[in-house]
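Colleague: structure_35.cif is the file, holding mmCIF, C-alpha atoms:
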```
data_input
#
loop_
_atom_site.label_atom_id
_atom_site.label_comp_id
_atom_site.auth_asym_id
_atom_site.auth_seq_id
_atom_site.Cartn_x
_atom_site.Cartn_y
_atom_site.Cartn_z
CA MET E 1 111.04 94.98 112.14
CA ALA E 2 110.27 96.32 115.59
CA GLN E 3 109.99 100.10 115.89
CA ILE E 4 110.84 102.36 118.81
CA ARG E 5 107.56 104.03 119.76
CA HIS E 6 108.25 105.65 123.11
CA ILE E 7 110.88 106.79 125.53
CA ALA E 8 110.05 107.20 129.21
CA ILE E 9 111.60 109.83 131.44
CA ARG E 10 111.34 109.62 135.24
CA THR E 11 111.03 112.89 137.15
CA ARG E 12 110.14 114.23 140.58
CA ASP E 13 107.76 116.82 139.02
CA VAL E 14 105.68 115.41 136.16
CA GLU E 15 103.79 118.65 135.42
CA GLU E 16 106.92 120.81 135.29
CA THR E 17 108.82 118.35 133.09
CA ALA E 18 105.86 117.87 130.70
CA THR E 19 105.42 121.64 130.43
CA PHE E 20 109.10 122.00 129.55
CA TYR E 21 108.88 119.52 126.65
CA LYS E 22 105.58 120.98 125.40
CA GLN E 23 106.90 124.54 125.42
CA ALA E 24 110.49 123.84 124.31
CA PHE E 25 109.68 121.40 121.48
CA GLY E 26 105.99 121.87 120.70
CA LEU E 27 105.01 118.36 121.80
CA LYS E 28 101.29 117.66 122.20
CA GLN E 29 99.79 116.04 125.28
CA VAL E 30 97.90 112.88 124.26
CA GLY E 31 97.08 111.36 127.61
CA THR E 32 97.49 111.06 131.33
CA GLY E 33 97.83 107.99 133.47
CA ARG E 34 98.29 106.90 137.02
CA ASN E 35 102.00 107.71 136.89
CA GLY E 36 102.41 110.43 134.33
CA ILE E 37 101.67 112.49 131.27
CA TYR E 38 102.08 111.25 127.69
CA LEU E 39 103.39 113.57 124.98
CA THR E 40 103.99 113.07 121.25
CA ASP E 41 105.46 114.67 118.18
CA GLY E 42 103.13 112.49 116.10
CA HIS E 43 105.74 109.81 115.48
CA LEU E 44 107.33 109.03 118.83
CA ASN E 45 105.87 109.37 122.31
CA ILE E 46 107.59 110.59 125.45
CA ALA E 47 106.12 109.33 128.71
CA ILE E 48 106.86 111.73 131.56
CA LEU E 49 106.58 109.48 134.61
CA ASN E 50 106.67 110.04 138.33
CA LEU E 51 109.77 108.71 140.09
CA ARG E 52 108.54 105.85 142.28
CA PRO E 53 110.05 102.99 144.26
CA ALA E 54 111.46 100.24 142.02
CA VAL E 55 109.54 97.04 141.32
CA GLU E 56 111.63 93.84 141.47
CA GLY E 57 113.78 93.58 138.38
CA GLU E 58 113.57 97.26 137.48
CA SER E 59 116.11 99.96 138.05
CA MET E 60 114.51 103.24 139.04
CA LYS E 61 116.41 106.43 138.29
CA LEU E 62 115.84 110.01 137.27
CA GLY E 63 116.07 110.63 133.55
CA ILE E 64 115.59 108.14 130.74
CA ASP E 65 113.97 105.09 132.32
CA HIS E 66 112.99 102.73 129.50
CA LEU E 67 112.32 102.29 125.77
CA GLY E 68 109.13 100.99 124.19
CA PHE E 69 109.10 98.82 121.07
CA GLN E 70 106.08 98.05 118.93
CA VAL E 71 106.39 94.60 117.35
CA GLU E 72 104.40 92.80 114.67
CA ASP E 73 104.58 89.36 116.30
CA PHE E 74 104.37 89.67 120.07
CA ASP E 75 105.02 86.00 120.89
CA ALA E 76 108.04 85.78 118.57
CA ALA E 77 109.53 88.98 120.05
CA VAL E 78 109.15 87.67 123.62
CA ALA E 79 110.71 84.34 122.58
CA ARG E 80 113.72 86.17 121.05
CA ILE E 81 114.15 88.28 124.20
CA ARG E 82 114.14 85.15 126.37
CA ALA E 83 116.50 83.28 124.01
CA LEU E 84 118.97 86.17 124.25
CA GLY E 85 118.95 86.04 128.05
CA GLY E 86 116.39 88.79 128.66
CA LYS E 87 113.86 88.52 131.47
CA ILE E 88 110.10 89.12 131.27
CA LEU E 89 108.95 91.01 134.38
CA ASN E 90 105.17 90.59 134.20
CA ASP E 91 102.35 88.53 132.73
CA ARG E 92 100.98 89.97 129.50
CA ASN E 93 98.73 92.94 130.26
CA GLU E 94 95.47 93.63 128.51
CA VAL E 95 95.81 96.99 126.77
CA ALA E 96 93.22 99.28 125.26
CA VAL E 97 94.19 101.67 122.49
CA GLY E 98 91.51 104.15 121.50
CA ASN E 99 88.38 102.09 121.02
CA ARG E 100 90.19 98.81 120.44
CA ALA E 101 91.17 96.43 123.19
CA GLU E 102 93.68 93.64 122.77
CA SER E 103 94.44 90.87 125.19
CA SER E 104 96.16 87.53 125.37
CA LYS E 105 92.73 85.96 125.83
CA GLY E 106 91.97 86.23 122.10
CA ALA E 107 89.88 89.42 122.21
CA ALA E 108 91.85 90.95 119.36
CA ASP E 109 89.25 93.50 118.28
CA LEU E 110 86.83 93.90 121.16
CA ARG E 111 85.10 97.30 120.97
CA VAL E 112 85.25 99.15 124.26
CA PRO E 113 83.32 102.46 124.26
CA GLY E 114 85.56 105.27 125.51
CA ALA E 115 88.31 102.84 126.54
CA GLN E 116 91.24 104.48 128.32
CA PRO E 117 94.48 102.53 128.57
CA GLN E 118 95.60 101.91 132.11
CA SER E 119 98.87 100.54 130.81
CA TYR E 120 100.58 101.32 127.52
CA PHE E 121 102.68 98.14 127.43
CA GLU E 122 101.89 94.46 127.20
CA VAL E 123 105.06 93.17 128.86
CA LYS E 124 107.97 94.83 130.56
CA CYS E 125 111.34 93.14 130.00
CA VAL E 126 114.90 93.58 131.13
CA GLY E 127 117.68 93.34 128.57
CA PRO E 128 121.45 93.75 128.76
CA ASP E 129 122.78 96.04 131.49
CA ASP E 130 119.38 95.88 133.23
CA GLN E 131 117.82 98.19 130.60
CA VAL E 132 114.03 98.08 130.96
CA ILE E 133 112.12 97.59 127.68
CA ASP E 134 108.36 97.77 127.08
CA VAL E 135 107.03 95.50 124.32
CA SER E 136 103.62 95.86 122.66
CA SER E 137 101.94 94.68 119.49
CA ALA E 138 99.08 97.15 120.02
CA GLY E 139 101.30 100.24 120.05
CA TRP E 140 100.87 103.52 121.86
CA VAL E 141 98.35 106.33 121.48
CA SER E 142 99.42 108.83 118.77
CA ALA E 143 102.63 107.02 117.87
CA THR E 144 102.38 106.30 114.15
CA GLY E 145 103.04 102.85 112.86
#
```
Once more with this new file: its structure as structure tokens, please.
Modeller:
Amino acid sequence: MAQIRHIAIRTRDVEETATFYKQAFGLKQVGTGRNGIYLTDGHLNIAILNLRPAVEGESMKLGIDHLGFQVEDFDAAVARIRALGGKILNDRNEVAVGNRAESSKGAADLRVPGAQPQSYFEVKCVGPDDQVIDVSSAGWVSATG
């Protein structure tokens, strides 16, 4: 079964919003990226992301922006999404989690010293009602699974 591993919130002030969630709920900061700050409660991550112009196929709005699912079988999950009328918005990204890198090129356990993920999803999809969904078999930093 797929598991929800992150929720992304778009904001005009990433620092202020991240500080709110850290102070109000005791979330821990587990990373930063090009577009935001990543927080966790140890089970589920919240990505606090900068509001930016929309990429084709995405809706861009303040507040909850997208959900992220970790799946056991990446290819089967993508096939189900397509079969149900969902759209895949990008080619599969190579992701690095901790010291492990995974890619569609078969490098399932390539050791990368000090690897820092540049992207926490493998594909971005659009489901019903134009809801954006991240899908990954690698998972997200500090989200248990």
Colleague: Please expand the PyMOL selection byres ((chain E and resi 50) around 8) into the concrete residues it hits in this file, giving the result as a compact mmCIF listing (two decimals) with C-alpha atoms, keeping the file's coordinate frame.
Modeller:
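Listed below is the output, selection39.txt:
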```txt
# COMPACT_ATOMS: atom_id res chain seq x y z
CA ARG E 10 111.34 109.62 135.24
CA THR E 11 111.03 112.89 137.15
CA ARG E 12 110.14 114.23 140.58
CA ASP E 13 107.76 116.82 139.02
CA VAL E 14 105.68 115.41 136.16
CA ASN E 35 102.00 107.71 136.89
CA GLY E 36 102.41 110.43 134.33
CA ILE E 48 106.86 111.73 131.56
CA LEU E 49 106.58 109.48 134.61
CA LEU E 51 109.77 108.71 140.09
CA ARG E 52 108.54 105.85 142.28
```
Colleague: Tell me, in Å to one decimal, how far CA of Leu27 (chain E) is from CA of Asp41 (chain E).
Modeller: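 Distance reported for this atom pair: 5.2 Å.
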Colleague: Rounded to one decimal place, report the CA of Thr19 (chain E)-CA of Ser137 (chain E) distance in Å.
Modeller: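 Between CA of Thr19 (chain E) and CA of Ser137 (chain E) the gap is 29.3 Å.
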Colleague: Taking the file as I've supplied it (selection: the PyMOL selection byres ((chain E and resi 70-87) around 6)), which residues are included? Please answer as a list in words.
Modeller: Ala2, Gln3, Phe69, Ile88, Cys125, Val126, Gly127, Ser136, Ser137 and Gly139 of chain E
Colleague: Find the distance between CA of Ala54 (chain E) and CA of Lys22 (chain E) and write it in Å to one decimal.
Modeller: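 Taking CA of Ala54 (chain E) as the start and CA of Lys22 (chain E) as the end point, the length is 27.2 Å.
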Colleague: Within 7 Å of Val135 (chain E), counting all atoms listed in the file, which residues qualify if same-chain residues fewer than 3 places away don't, as JSON, numbers by chain?
Modeller: {"E": [68, 69, 70, 121, 122, 123, 124]}
Colleague: Would you export the selected residues with C-alpha atoms as a PDB file, in the frame of the given file, please?
Modeller:
```pdb
ATOM      1  CA  GLY E  68     109.130 100.990 124.190  1.00  0.00           C
ATOM      2  CA  PHE E  69     109.100  98.820 121.070  1.00  0.00           C
ATOM      3  CA  GLN E  70     106.080  98.050 118.930  1.00  0.00           C
ATOM      4  CA  PHE E 121     102.680  98.140 127.430  1.00  0.00           C
ATOM      5  CA  GLU E 122     101.890  94.460 127.200  1.00  0.00           C
ATOM      6  CA  VAL E 123     105.060  93.170 128.860  1.00  0.00           C
ATOM      7  CA  LYS E 124     107.970  94.830 130.560  1.00  0.00           C
TER       8      LYS E 124
END
```
Colleague: Need to verify the contact set: Ile64 (chain E), 8 Å, all atoms listed in the file, exclusion of same-chain residues closer than 5 positions in sequence. Can you return it as a list of chain:residue names?
Modeller: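 Once the nearby chain positions are removed, what remains is E:Ile7, E:Ala8, E:Ile9, E:Arg10.
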Colleague: For Tyr21 (chain E), which of E:Met60, E:Ile4, E:Leu67, E:Ile37 is the closest residue, counting only C-alpha atoms?
Modeller: E:Ile37
Colleague: Would you translate the PyMOL selection byres ((chain E and resi 29) around 7) into the concrete set of residues it matches in this file, as a PDB file with C-alpha atoms, in the frame of the given file?
Modeller:
```
ATOM      1  CA  LEU E  27     105.010 118.360 121.800  1.00  0.00           C
ATOM      2  CA  LYS E  28     101.290 117.660 122.200  1.00  0.00           C
ATOM      3  CA  VAL E  30      97.900 112.880 124.260  1.00  0.00           C
ATOM      4  CA  GLY E  31      97.080 111.360 127.610  1.00  0.00           C
ATOM      5  CA  TYR E  38     102.080 111.250 127.690  1.00  0.00           C
ATOM      6  CA  LEU E  39     103.390 113.570 124.980  1.00  0.00           C
ATOM      7  CA  THR E  40     103.990 113.070 121.250  1.00  0.00           C
TER       8      THR E  40
END
```
Colleague: So which one's closest to Leu89 (chain E), E:Ala18, E:Val132, E:Ala47, E:Leu62? Using all atoms listed in the file, please.
Modeller: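 Result for the nearest residue to Leu89 (chain E): E:Val132.
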